[in-house]
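Structure below is my_file39.cif: mmCIF, C-alpha atoms and all ligand atoms.
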data_entry
loop_
_atom_site.label_atom_id
_atom_site.label_comp_id
_atom_site.auth_asym_id
_atom_site.auth_seq_id
_atom_site.Cartn_x
_atom_site.Cartn_y
_atom_site.Cartn_z
CA MET Y 1 -0.97 -16.45 -28.75
CA ARG Y 2 -1.43 -16.59 -32.53
CA TRP Y 3 -4.75 -15.17 -33.66
CA ASP Y 4 -5.71 -17.33 -36.63
CA ILE Y 5 -9.29 -16.19 -37.00
CA GLY Y 6 -10.92 -12.75 -36.74
CA ILE Y 7 -14.67 -12.31 -36.53
CA ASP Y 8 -16.76 -9.17 -36.79
CA LEU Y 9 -20.18 -10.38 -35.70
CA GLY Y 10 -22.62 -7.58 -36.49
CA THR Y 11 -26.33 -7.21 -35.91
CA GLN Y 12 -26.96 -7.83 -39.61
CA THR Y 13 -23.74 -9.17 -41.13
CA ALA Y 14 -21.06 -11.54 -39.87
CA ARG Y 15 -17.59 -11.22 -41.36
CA MET Y 16 -14.51 -13.39 -40.93
CA ALA Y 17 -10.80 -12.97 -41.67
CA GLU Y 18 -8.03 -15.57 -41.56
CA LEU Y 19 -4.47 -14.72 -40.63
CA LYS Y 20 -3.23 -16.56 -43.72
CA HIS Y 21 -5.73 -15.22 -46.25
CA GLY Y 22 -7.19 -11.91 -45.01
CA PRO Y 23 -10.96 -11.28 -45.04
CA VAL Y 24 -12.64 -14.42 -46.41
CA LEU Y 25 -16.32 -14.36 -45.53
CA SER Y 26 -19.20 -11.92 -45.31
CA ALA Y 27 -22.65 -13.37 -44.73
CA PRO Y 28 -25.89 -12.37 -43.05
CA ALA Y 29 -25.71 -12.99 -39.28
CA ALA Y 30 -28.80 -15.18 -39.42
CA LEU Y 31 -29.60 -18.78 -38.50
CA ALA Y 32 -32.74 -20.82 -39.11
CA PHE Y 33 -33.84 -23.34 -36.46
CA ARG Y 34 -36.51 -25.98 -36.47
CA GLU Y 35 -38.48 -26.09 -33.23
CA GLY Y 36 -37.00 -28.52 -30.70
CA ASN Y 37 -33.73 -28.97 -32.62
CA PRO Y 38 -30.66 -27.15 -31.23
CA ALA Y 39 -28.72 -27.52 -34.53
CA PRO Y 40 -29.55 -24.85 -37.15
CA ILE Y 41 -30.99 -26.04 -40.46
CA CYS Y 42 -29.15 -23.30 -42.32
CA ALA Y 43 -27.28 -20.04 -41.79
CA GLY Y 44 -25.99 -17.01 -43.68
CA ASP Y 45 -27.55 -16.11 -47.05
CA ILE Y 46 -30.00 -19.01 -47.10
CA ALA Y 47 -31.27 -18.15 -43.61
CA ARG Y 48 -31.69 -14.49 -44.57
CA ARG Y 49 -33.73 -15.48 -47.60
CA LEU Y 50 -36.07 -17.30 -45.22
CA ILE Y 51 -36.88 -14.11 -43.26
CA GLY Y 52 -40.63 -13.62 -43.51
CA ARG Y 53 -41.01 -16.86 -45.49
CA THR Y 54 -40.64 -19.45 -42.76
CA CYS Y 55 -43.20 -22.19 -42.33
CA GLU Y 56 -44.64 -23.38 -39.02
CA GLY Y 57 -42.02 -24.59 -36.55
CA VAL Y 58 -39.10 -22.84 -38.31
CA SER Y 59 -37.74 -19.51 -37.12
CA VAL Y 60 -34.93 -17.23 -38.32
CA VAL Y 61 -32.87 -15.71 -35.51
CA HIS Y 62 -29.93 -13.33 -35.08
CA PRO Y 63 -27.26 -13.68 -32.36
CA LEU Y 64 -27.08 -9.89 -31.81
CA ARG Y 65 -29.74 -7.31 -31.24
CA ASP Y 66 -29.02 -3.58 -31.23
CA GLY Y 67 -25.27 -4.19 -31.50
CA VAL Y 68 -24.96 -6.47 -28.46
CA LEU Y 69 -25.21 -10.20 -27.88
CA GLU Y 70 -28.75 -11.32 -27.24
CA ASN Y 71 -28.46 -15.10 -27.29
CA ASN Y 72 -25.27 -17.02 -26.56
CA LEU Y 73 -26.51 -20.29 -28.06
CA TYR Y 74 -27.16 -18.56 -31.38
CA ALA Y 75 -23.74 -16.88 -31.20
CA ALA Y 76 -22.01 -20.22 -30.57
CA ARG Y 77 -23.85 -21.80 -33.52
CA MET Y 78 -22.97 -18.83 -35.73
CA PHE Y 79 -19.28 -19.05 -34.73
CA GLN Y 80 -19.33 -22.81 -35.36
CA TRP Y 81 -20.81 -22.27 -38.82
CA MET Y 82 -18.13 -19.69 -39.59
CA PHE Y 83 -15.21 -21.69 -38.16
CA LYS Y 84 -16.26 -24.63 -40.36
CA ARG Y 85 -15.83 -22.41 -43.40
CA SER Y 86 -12.31 -21.50 -42.41
CA GLU Y 87 -9.33 -23.30 -43.86
CA GLY Y 88 -7.11 -22.35 -40.92
CA VAL Y 89 -9.43 -23.98 -38.41
CA ASN Y 90 -9.73 -27.23 -40.32
CA THR Y 91 -5.99 -27.71 -40.46
CA ARG Y 92 -5.06 -26.46 -36.95
CA ARG Y 93 -6.37 -28.13 -33.85
CA ARG Y 94 -5.83 -25.17 -31.52
CA PHE Y 95 -6.66 -21.73 -32.76
CA GLY Y 96 -7.24 -18.30 -31.29
CA ALA Y 97 -10.14 -16.08 -32.31
CA MET Y 98 -10.18 -12.28 -32.16
CA ILE Y 99 -13.72 -10.95 -32.06
CA THR Y 100 -14.97 -7.38 -32.34
CA CYS Y 101 -17.19 -6.19 -29.53
CA THR Y 102 -19.10 -2.99 -29.11
CA PRO Y 103 -17.50 -0.88 -26.34
CA PHE Y 104 -20.83 -0.44 -24.53
CA ALA Y 105 -21.53 -4.19 -24.15
CA ARG Y 106 -22.26 -5.17 -20.54
CA PRO Y 107 -19.79 -7.51 -18.74
CA VAL Y 108 -22.24 -10.41 -18.93
CA GLN Y 109 -22.61 -9.94 -22.70
CA LYS Y 110 -18.84 -9.85 -23.18
CA GLU Y 111 -18.40 -13.01 -21.15
CA ALA Y 112 -21.19 -14.74 -23.08
CA MET Y 113 -19.55 -13.77 -26.38
CA LEU Y 114 -16.21 -15.23 -25.25
CA THR Y 115 -17.83 -18.41 -23.95
CA ALA Y 116 -19.70 -18.83 -27.24
CA ALA Y 117 -16.41 -18.64 -29.19
CA ILE Y 118 -14.76 -21.19 -26.85
CA ASP Y 119 -17.82 -23.49 -27.07
CA ALA Y 120 -17.62 -23.26 -30.85
CA GLY Y 121 -14.04 -24.58 -30.78
CA ALA Y 122 -11.60 -21.70 -30.20
CA ALA Y 123 -8.79 -22.39 -27.70
CA GLU Y 124 -8.59 -18.73 -26.79
CA ALA Y 125 -10.84 -15.78 -27.56
CA LEU Y 126 -10.12 -12.07 -27.27
CA LEU Y 127 -12.52 -9.16 -27.65
CA VAL Y 128 -11.34 -6.06 -29.51
CA ARG Y 129 -13.17 -2.70 -29.56
CA SER Y 130 -15.27 -2.66 -32.74
CA ASP Y 131 -14.74 1.09 -33.23
CA ALA Y 132 -10.94 0.64 -33.09
CA ALA Y 133 -11.08 -2.16 -35.67
CA ALA Y 134 -13.22 0.04 -37.95
CA ALA Y 135 -10.81 2.96 -37.54
CA VAL Y 136 -7.77 0.82 -38.43
CA GLY Y 137 -9.67 -0.58 -41.43
CA ALA Y 138 -10.46 2.97 -42.54
CA GLY Y 139 -6.71 3.62 -42.68
CA LEU Y 140 -6.46 5.81 -39.55
CA ASP Y 141 -3.22 5.63 -37.58
CA LEU Y 142 -4.56 5.27 -34.06
CA ASN Y 143 -1.17 5.51 -32.42
CA SER Y 144 -0.29 9.00 -33.70
CA PRO Y 145 -0.91 12.01 -31.41
CA GLU Y 146 -3.37 13.80 -33.73
CA ALA Y 147 -7.01 13.25 -32.87
CA LYS Y 148 -9.24 11.17 -35.16
CA LEU Y 149 -13.00 11.01 -35.07
CA LEU Y 150 -14.55 7.75 -36.21
CA VAL Y 151 -18.32 7.38 -36.61
CA ASP Y 152 -19.44 3.76 -37.18
CA VAL Y 153 -22.95 3.58 -38.58
CA GLY Y 154 -24.16 0.00 -38.29
CA ALA Y 155 -27.44 -1.86 -38.48
CA GLY Y 156 -27.90 -2.19 -34.73
CA LYS Y 157 -25.73 0.53 -33.18
CA ILE Y 158 -23.98 3.79 -33.93
CA THR Y 159 -20.74 4.76 -32.19
CA ALA Y 160 -18.67 7.95 -32.29
CA THR Y 161 -15.10 7.72 -30.97
CA LEU Y 162 -12.28 10.21 -30.70
CA PHE Y 163 -8.89 8.48 -30.72
CA THR Y 164 -5.48 9.90 -29.85
CA PHE Y 165 -2.12 8.27 -29.00
CA GLY Y 166 -3.67 4.81 -29.34
CA ARG Y 167 -6.27 5.63 -26.66
CA VAL Y 168 -9.89 6.69 -26.58
CA ALA Y 169 -10.28 10.36 -25.64
CA ALA Y 170 -14.07 10.56 -25.98
CA PHE Y 171 -16.82 8.07 -26.82
CA GLY Y 172 -20.57 8.09 -27.31
CA TYR Y 173 -23.14 5.72 -28.79
CA LEU Y 174 -26.73 5.22 -29.80
CA PRO Y 175 -28.13 1.82 -28.76
CA TYR Y 176 -29.76 1.47 -32.18
CA GLY Y 177 -28.59 1.71 -35.76
CA LEU Y 178 -30.06 2.22 -39.20
CA ASN Y 179 -32.36 -0.80 -38.85
CA ARG Y 180 -34.38 1.52 -36.59
CA ILE Y 181 -35.31 3.45 -39.74
CA ASP Y 182 -36.63 0.24 -41.35
CA GLU Y 183 -38.81 -0.36 -38.27
CA ARG Y 184 -40.16 3.22 -38.45
CA VAL Y 185 -40.90 2.85 -42.18
CA ARG Y 186 -42.84 -0.37 -41.50
CA ARG Y 187 -44.76 1.29 -38.69
CA ILE Y 188 -45.67 4.41 -40.69
CA LEU Y 189 -46.74 2.40 -43.74
CA ARG Y 190 -48.95 0.23 -41.53
CA SER Y 191 -50.54 2.92 -39.36
CA ASP Y 192 -50.83 5.83 -41.84
CA PHE Y 193 -51.22 4.04 -45.19
CA GLY Y 194 -52.67 0.62 -44.29
CA TYR Y 195 -49.92 -1.53 -45.83
CA ARG Y 196 -47.84 -4.21 -44.17
CA VAL Y 197 -44.37 -4.69 -45.69
CA GLY Y 198 -41.65 -7.19 -44.81
CA VAL Y 199 -38.26 -6.58 -43.19
CA LEU Y 200 -36.32 -6.87 -46.44
CA ALA Y 201 -38.76 -4.64 -48.34
CA SER Y 202 -38.56 -1.88 -45.71
CA GLU Y 203 -34.75 -1.98 -45.84
CA GLU Y 204 -34.86 -1.59 -49.62
CA ILE Y 205 -37.24 1.36 -49.27
CA LYS Y 206 -34.86 3.05 -46.80
CA ASN Y 207 -31.78 2.41 -48.97
CA THR Y 208 -33.52 3.77 -52.07
CA LEU Y 209 -35.46 6.77 -50.77
CA GLY Y 210 -33.65 7.55 -47.53
CA THR Y 211 -31.38 10.56 -47.20
CA ALA Y 212 -29.72 12.44 -44.36
CA MET Y 213 -30.59 15.87 -45.84
CA PRO Y 214 -34.40 15.84 -46.11
CA ASP Y 215 -34.59 19.51 -47.20
CA LYS Y 216 -32.55 18.78 -50.31
CA ALA Y 217 -34.34 15.55 -51.26
CA PRO Y 218 -36.55 15.62 -54.37
CA LYS Y 219 -40.16 15.36 -53.16
CA ASP Y 220 -41.69 13.97 -56.35
CA VAL Y 221 -39.93 10.59 -56.30
CA ILE Y 222 -41.93 7.42 -55.68
CA MET Y 223 -40.91 3.82 -55.34
CA HIS Y 224 -42.90 0.71 -56.19
CA ALA Y 225 -43.22 -1.72 -53.31
CA THR Y 226 -45.12 -4.89 -52.56
CA GLY Y 227 -47.00 -5.53 -49.34
CA ILE Y 228 -50.29 -6.57 -47.83
CA ASN Y 229 -53.24 -4.21 -48.00
CA LEU Y 230 -54.61 -4.50 -44.47
CA ALA Y 231 -58.17 -3.44 -45.40
CA LYS Y 232 -58.50 -5.92 -48.27
CA ARG Y 233 -56.17 -8.52 -46.71
CA MET Y 234 -54.57 -9.02 -50.09
CA PRO Y 235 -51.04 -8.68 -51.47
CA VAL Y 236 -50.76 -5.53 -53.58
CA ASN Y 237 -48.25 -3.37 -55.42
CA PHE Y 238 -48.32 0.21 -54.20
CA ASP Y 239 -46.27 3.43 -54.43
CA VAL Y 240 -44.23 4.74 -51.52
CA GLU Y 241 -43.65 8.48 -51.38
CA THR Y 242 -40.52 10.06 -49.94
CA LYS Y 243 -42.19 11.94 -47.05
CA PRO Y 244 -42.73 9.00 -44.62
CA VAL Y 245 -39.24 7.67 -45.37
CA LEU Y 246 -37.61 11.07 -44.82
CA ASP Y 247 -39.48 11.43 -41.49
CA ALA Y 248 -38.25 7.99 -40.41
CA CYS Y 249 -34.66 8.83 -41.44
CA GLU Y 250 -34.69 12.19 -39.66
CA ASP Y 251 -35.58 10.57 -36.31
CA VAL Y 252 -32.34 8.58 -36.39
CA VAL Y 253 -30.07 10.95 -38.34
CA GLY Y 254 -30.98 13.90 -36.08
CA GLU Y 255 -29.92 11.86 -33.02
CA LEU Y 256 -26.74 10.80 -34.80
CA ALA Y 257 -25.80 14.43 -35.54
CA ARG Y 258 -26.40 15.34 -31.86
CA LEU Y 259 -24.28 12.35 -30.76
CA VAL Y 260 -21.21 13.38 -32.76
CA ASN Y 261 -21.54 16.95 -31.50
CA THR Y 262 -21.65 15.76 -27.89
CA VAL Y 263 -18.57 13.57 -28.36
CA VAL Y 264 -16.55 16.40 -29.91
CA ASP Y 265 -17.74 18.86 -27.23
CA SER Y 266 -16.66 16.51 -24.45
CA ALA Y 267 -13.08 16.23 -25.79
CA PRO Y 268 -10.18 18.49 -24.70
CA GLU Y 269 -9.91 21.68 -26.85
CA GLU Y 270 -6.57 20.71 -28.48
CA LEU Y 271 -8.04 17.47 -29.76
CA SER Y 272 -11.16 19.16 -31.08
CA ALA Y 273 -8.90 21.64 -32.88
CA ASP Y 274 -7.03 18.75 -34.60
CA LEU Y 275 -10.30 17.71 -36.19
CA THR Y 276 -10.56 20.93 -38.15
CA ASP Y 277 -7.90 19.50 -40.48
CA ALA Y 278 -8.39 15.76 -40.10
CA GLY Y 279 -12.19 15.80 -40.15
CA ALA Y 280 -14.44 12.87 -39.30
CA VAL Y 281 -14.52 9.47 -40.99
CA LEU Y 282 -17.68 7.39 -41.45
CA THR Y 283 -17.58 3.57 -41.52
CA GLY Y 284 -20.18 0.78 -41.39
CA GLY Y 285 -22.80 -0.20 -43.96
CA GLY Y 286 -24.94 2.84 -43.11
CA ALA Y 287 -22.12 5.28 -43.97
CA VAL Y 288 -23.23 5.22 -47.61
CA MET Y 289 -26.65 6.66 -46.80
CA THR Y 290 -27.24 9.55 -49.20
CA GLU Y 291 -25.72 12.82 -47.90
CA LEU Y 292 -24.82 11.42 -44.47
CA ASP Y 293 -21.23 12.67 -44.73
CA ARG Y 294 -22.44 16.16 -45.64
CA ARG Y 295 -24.95 16.21 -42.78
CA ILE Y 296 -22.35 15.19 -40.17
CA GLY Y 297 -19.82 17.60 -41.65
CA GLN Y 298 -22.35 20.44 -41.37
CA ALA Y 299 -23.30 19.48 -37.81
CA LEU Y 300 -19.65 19.57 -36.72
CA GLY Y 301 -18.43 22.34 -38.99
CA ILE Y 302 -15.50 20.17 -40.13
CA PRO Y 303 -14.85 17.98 -43.20
CA CYS Y 304 -16.38 14.51 -43.08
CA ARG Y 305 -15.68 11.64 -45.47
CA VAL Y 306 -16.91 8.11 -46.02
CA ALA Y 307 -14.16 5.47 -45.74
CA ASP Y 308 -13.46 3.24 -48.76
CA ALA Y 309 -15.78 0.20 -48.78
CA PRO Y 310 -17.11 1.31 -45.37
CA GLU Y 311 -19.07 -1.88 -44.58
CA GLY Y 312 -15.84 -3.92 -44.55
CA CYS Y 313 -13.71 -1.54 -42.45
CA ALA Y 314 -14.13 -3.44 -39.16
CA ILE Y 315 -13.03 -6.80 -40.56
CA ARG Y 316 -10.16 -5.30 -42.58
CA GLY Y 317 -8.99 -3.46 -39.46
CA LEU Y 318 -9.37 -6.56 -37.31
CA TYR Y 319 -7.19 -8.44 -39.79
CA ARG Y 320 -4.48 -5.80 -39.46
CA ILE Y 321 -4.73 -6.03 -35.67
CA MET Y 322 -4.38 -9.86 -35.90
CA GLU Y 323 -1.19 -9.35 -37.93
CA ASN Y 324 0.30 -6.94 -35.41
CA PRO Y 325 -1.49 -7.32 -32.05
CA GLU Y 326 1.29 -5.67 -30.01
CA ALA Y 327 0.56 -2.28 -31.58
CA TYR Y 328 -3.08 -2.23 -30.46
CA GLY Y 329 -3.00 -3.57 -26.89
CA ALA Y 330 -4.96 -0.60 -25.54
CA MET Y 331 -7.92 -1.57 -27.75
CA PHE Y 332 -8.23 -5.09 -26.34
CA MET Y 333 -11.07 -5.93 -23.98
CA GLU Y 334 -11.68 -9.20 -22.12
CA ARG Y 335 -10.16 -12.56 -23.09
CA GLN Y 336 -10.87 -16.17 -22.17
CA SER Y 337 -9.02 -19.48 -22.65
CA ARG Y 338 -10.41 -22.97 -22.84
CA GLN Y 339 -10.01 -24.74 -19.52
CA VAL Y 340 -7.88 -27.88 -19.77
CA TRP Y 341 -8.67 -30.28 -16.95
N1 LIG Y 401 -27.60 2.81 -49.19
C1 LIG Y 401 -27.90 2.70 -47.91
N2 LIG Y 401 -28.63 3.65 -47.30
C2 LIG Y 401 -28.96 3.55 -46.01
N3 LIG Y 401 -28.59 2.50 -45.22
C3 LIG Y 401 -27.87 1.52 -45.79
C4 LIG Y 401 -27.48 1.55 -47.15
N4 LIG Y 401 -26.78 0.41 -47.42
C5 LIG Y 401 -26.74 -0.30 -46.26
N5 LIG Y 401 -27.39 0.37 -45.29
C6 LIG Y 401 -27.62 -0.07 -43.91
O1 LIG Y 401 -26.43 -0.33 -43.22
C7 LIG Y 401 -26.71 -1.26 -42.17
C8 LIG Y 401 -25.71 -2.40 -42.21
O2 LIG Y 401 -24.51 -1.91 -41.73
P1 LIG Y 401 -23.37 -2.92 -41.18
O3 LIG Y 401 -23.16 -4.02 -42.13
O4 LIG Y 401 -22.21 -2.06 -40.82
O5 LIG Y 401 -24.10 -3.45 -39.87
P2 LIG Y 401 -23.59 -4.59 -38.87
O6 LIG Y 401 -22.09 -4.55 -38.78
O7 LIG Y 401 -24.21 -5.89 -39.22
O8 LIG Y 401 -24.29 -4.08 -37.52
P3 LIG Y 401 -23.68 -3.49 -36.16
O9 LIG Y 401 -22.23 -3.17 -36.36
O10 LIG Y 401 -24.50 -2.27 -35.90
O11 LIG Y 401 -23.93 -4.55 -35.13
C9 LIG Y 401 -28.14 -1.79 -42.42
O12 LIG Y 401 -29.06 -1.12 -41.57
C10 LIG Y 401 -28.35 -1.41 -43.87
O13 LIG Y 401 -29.72 -1.26 -44.18
MG MG Y 402 -20.66 -3.58 -37.56
#
What would the structure in this file look like if it were written as structure tokens?
Amino acid sequence: MRWDIGIDLGTQTARMAELKHGPVLSAPAALAFREGNPAPICAGDIARRLIGRTCEGVSVVHPLRDGVLENNLYAARMFQWMFKRSEGVNTRRRFGAMITCTPFARPVQKEAMLTAAIDAGAAEALLVRSDAAAAVGAGLDLNSPEAKLLVDVGAGKITATLFTFGRVAAFGYLPYGLNRIDERVRRILRSDFGYRVGVLASEEIKNTLGTAMPDKAPKDVIMHATGINLAKRMPVNFDVETKPVLDACEDVVGELARLVNTVVDSAPEELSADLTDAGAVLTGGGAVMTELDRRIGQALGIPCRVADAPEGCAIRGLYRIMENPEAYGAMFMERQSRQVW
């Protein structure tokens, strides 16, 4: 089978690569629907801009929640929207789609993901471990005997995987990602300060003030934000201090540090020893969080680095796997073909 299209459907961002052109698309994994109409009114950037601004009868939805498929109709519509943007699909009647999938997805979620891709027009669909795609995109040679530790820090999930000889030697995950920090920030601002802020505003607050090393963060920084004052029921500009954001970050980053420690502890001693030289590599959009590499490095006592352009590692790696699928067979999960009656 020729894999013409590769898709990394994330909780927040959907990315696509074409065999002929490489990575071609990166857009928010969001769709807007009007009540009672199964066809989306818009998707991608326009749908994301509608978050928190929708009028009655219109809702913005995401196919994935916490790293796994939540709604197969939304996934099929998202795939359809992406396939339409692909040159390869418009010119070829039959095409195969390689899709990244989190290793902890349940069988029913994997099947629903494959069915969604087939419903959207693919003749054959194959799921590939998302952590393996990210590792290949980060430039790690999965098939060599030395151990490699890959930590993928996404919006909806965090995975830590130890690879050796093209196989997985140890794996662990958190069923939530850095969007959990945004939720915490919204909750703290509402309950302790009396302000309601939107999803996009809370993400900006996290990206600006958040850090993985709270002890080293300057305490006198403030950020201007806009929200609703719940007492006055009016929109207001107000200042956000670092303390609530650092508390929200620590809840997630502390768990992440414990996760990587557990994964390394559960691996055979020889592999753990390899990591002393090779270190750990961070991928995913959340890898750029201030000081995250230093925090993980300190937790493990080994070097830790952020991959180049970490948010695009999974789709770049998937593209390399599409080019040379034979080399990565052990990283493939389920596959499905369209039934021809
Ligand atoms: N500077 C930053 N500081 C902290 N977090 C950041 C920063 N930049 C981006 N992020 C976070 O990274 C996450 C997006 O990562 P990514 O694009 O890898 O997720 P995804 O692939 O859509 O989700 P997943 O793989 O978990 O399903 C978001 O939570 C975003 O807020
Ligand atoms: Mg991802």
Report as JSON lines the residues of chain Y within 8 Å of ligand MG 402 (chain Y), each with its shortest atom pair and distance in Å (one decimal), using all atoms listed in the file, ordered by chain and increasing residue number.
{"residue": "Y:Asp8", "atom": "CA", "partner": "Y:MG402", "partner_atom": "MG", "distance": 6.9}
{"residue": "Y:Leu9", "atom": "CA", "partner": "Y:MG402", "partner_atom": "MG", "distance": 7.1}
{"residue": "Y:Gly10", "atom": "CA", "partner": "Y:MG402", "partner_atom": "MG", "distance": 4.6}
{"residue": "Y:Thr11", "atom": "CA", "partner": "Y:MG402", "partner_atom": "MG", "distance": 6.9}
{"residue": "Y:Gln12", "atom": "CA", "partner": "Y:MG402", "partner_atom": "MG", "distance": 7.9}
{"residue": "Y:Thr13", "atom": "CA", "partner": "Y:MG402", "partner_atom": "MG", "distance": 7.3}
{"residue": "Y:Gly67", "atom": "CA", "partner": "Y:MG402", "partner_atom": "MG", "distance": 7.6}
{"residue": "Y:Ser130", "atom": "CA", "partner": "Y:MG402", "partner_atom": "MG", "distance": 7.3}
{"residue": "Y:Asp152", "atom": "CA", "partner": "Y:MG402", "partner_atom": "MG", "distance": 7.5}
{"residue": "Y:Val153", "atom": "CA", "partner": "Y:MG402", "partner_atom": "MG", "distance": 7.6}
{"residue": "Y:Gly154", "atom": "CA", "partner": "Y:MG402", "partner_atom": "MG", "distance": 5.1}
{"residue": "Y:Ala155", "atom": "CA", "partner": "Y:MG402", "partner_atom": "MG", "distance": 7.1}
{"residue": "Y:Gly156", "atom": "CA", "partner": "Y:MG402", "partner_atom": "MG", "distance": 7.9}
{"residue": "Y:Lys157", "atom": "CA", "partner": "Y:MG402", "partner_atom": "MG", "distance": 7.9}
{"residue": "Y:Gly284", "atom": "CA", "partner": "Y:MG402", "partner_atom": "MG", "distance": 5.8}
{"residue": "Y:Gly285", "atom": "CA", "partner": "Y:MG402", "partner_atom": "MG", "distance": 7.5}
{"residue": "Y:Glu311", "atom": "CA", "partner": "Y:MG402", "partner_atom": "MG", "distance": 7.4}
{"residue": "Y:Ala314", "atom": "CA", "partner": "Y:MG402", "partner_atom": "MG", "distance": 6.7}
Can you pull out the residues contacting range 34-42 of chain Y? Cut-off 9 Å, using only C-alpha atoms, and skip same-chain residues under 5 positions away; I want them as a list in words.
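Here the answer would be Ala47, Glu56, Gly57, Val58, Ser59, Leu73, Tyr74 and Arg77 of chain Y.
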In Å, rounded to a single decimal, give me how far CA of Arg258 in chain Y is from CA of Pro103 in chain Y.
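Calculated distance between CA of Pro103 in chain Y and CA of Arg258 in chain Y is 19.3 Å.
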Just how far from CA of Asp182 in chain Y is atom C9 of ligand LIG 401 (chain Y), in Å to one decimal?
8.8 Å
Choose the residue, out of Y:Arg129, Y:Lys20, Y:Arg190, Y:Lys206, that has the smallest atom-to-atom separation from ligand LIG 401 (chain Y); count all atoms listed in the file.
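The closest residue to ligand LIG 401 (chain Y) is Y:Lys206.
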Computed interatomic separation between CA of Pro23 in chain Y and CA of Phe332 in chain Y (Å):
19.9 Å
Expected answer as a compact mmCIF listing (two decimals) with C-alpha atoms, in the frame of the given file: all residues with atoms within 7 Å of (-16.5, 5.6, -43.6), all atoms listed in the file:
# COMPACT_ATOMS: atom_id res chain seq x y z
CA ALA Y 138 -10.46 2.97 -42.54
CA VAL Y 281 -14.52 9.47 -40.99
CA LEU Y 282 -17.68 7.39 -41.45
CA THR Y 283 -17.58 3.57 -41.52
CA GLY Y 284 -20.18 0.78 -41.39
CA ALA Y 287 -22.12 5.28 -43.97
CA ARG Y 305 -15.68 11.64 -45.47
CA VAL Y 306 -16.91 8.11 -46.02
CA ALA Y 307 -14.16 5.47 -45.74
CA ASP Y 308 -13.46 3.24 -48.76
CA PRO Y 310 -17.11 1.31 -45.37
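Proximity of Y:Leu142, Y:Ala278, Y:Met331, Y:Ala132 to Thr159 in chain Y, computed with all atoms listed in the file, is greatest for Y:Ala132.
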Pick out the closest residue to Asp239 in chain Y from this set: Y:Ile5, Y:Leu209, Y:Ala217, Y:Asp251. Count only C-alpha atoms.
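Checking each candidate against Asp239 in chain Y, we get Y:Leu209 as the closest.
The smallest atom-to-atom distance between Thr242 in chain Y and any of Y:Leu318, Y:Val185, Y:Leu50, Y:Leu178, using all atoms listed in the file, is found for Y:Val185.
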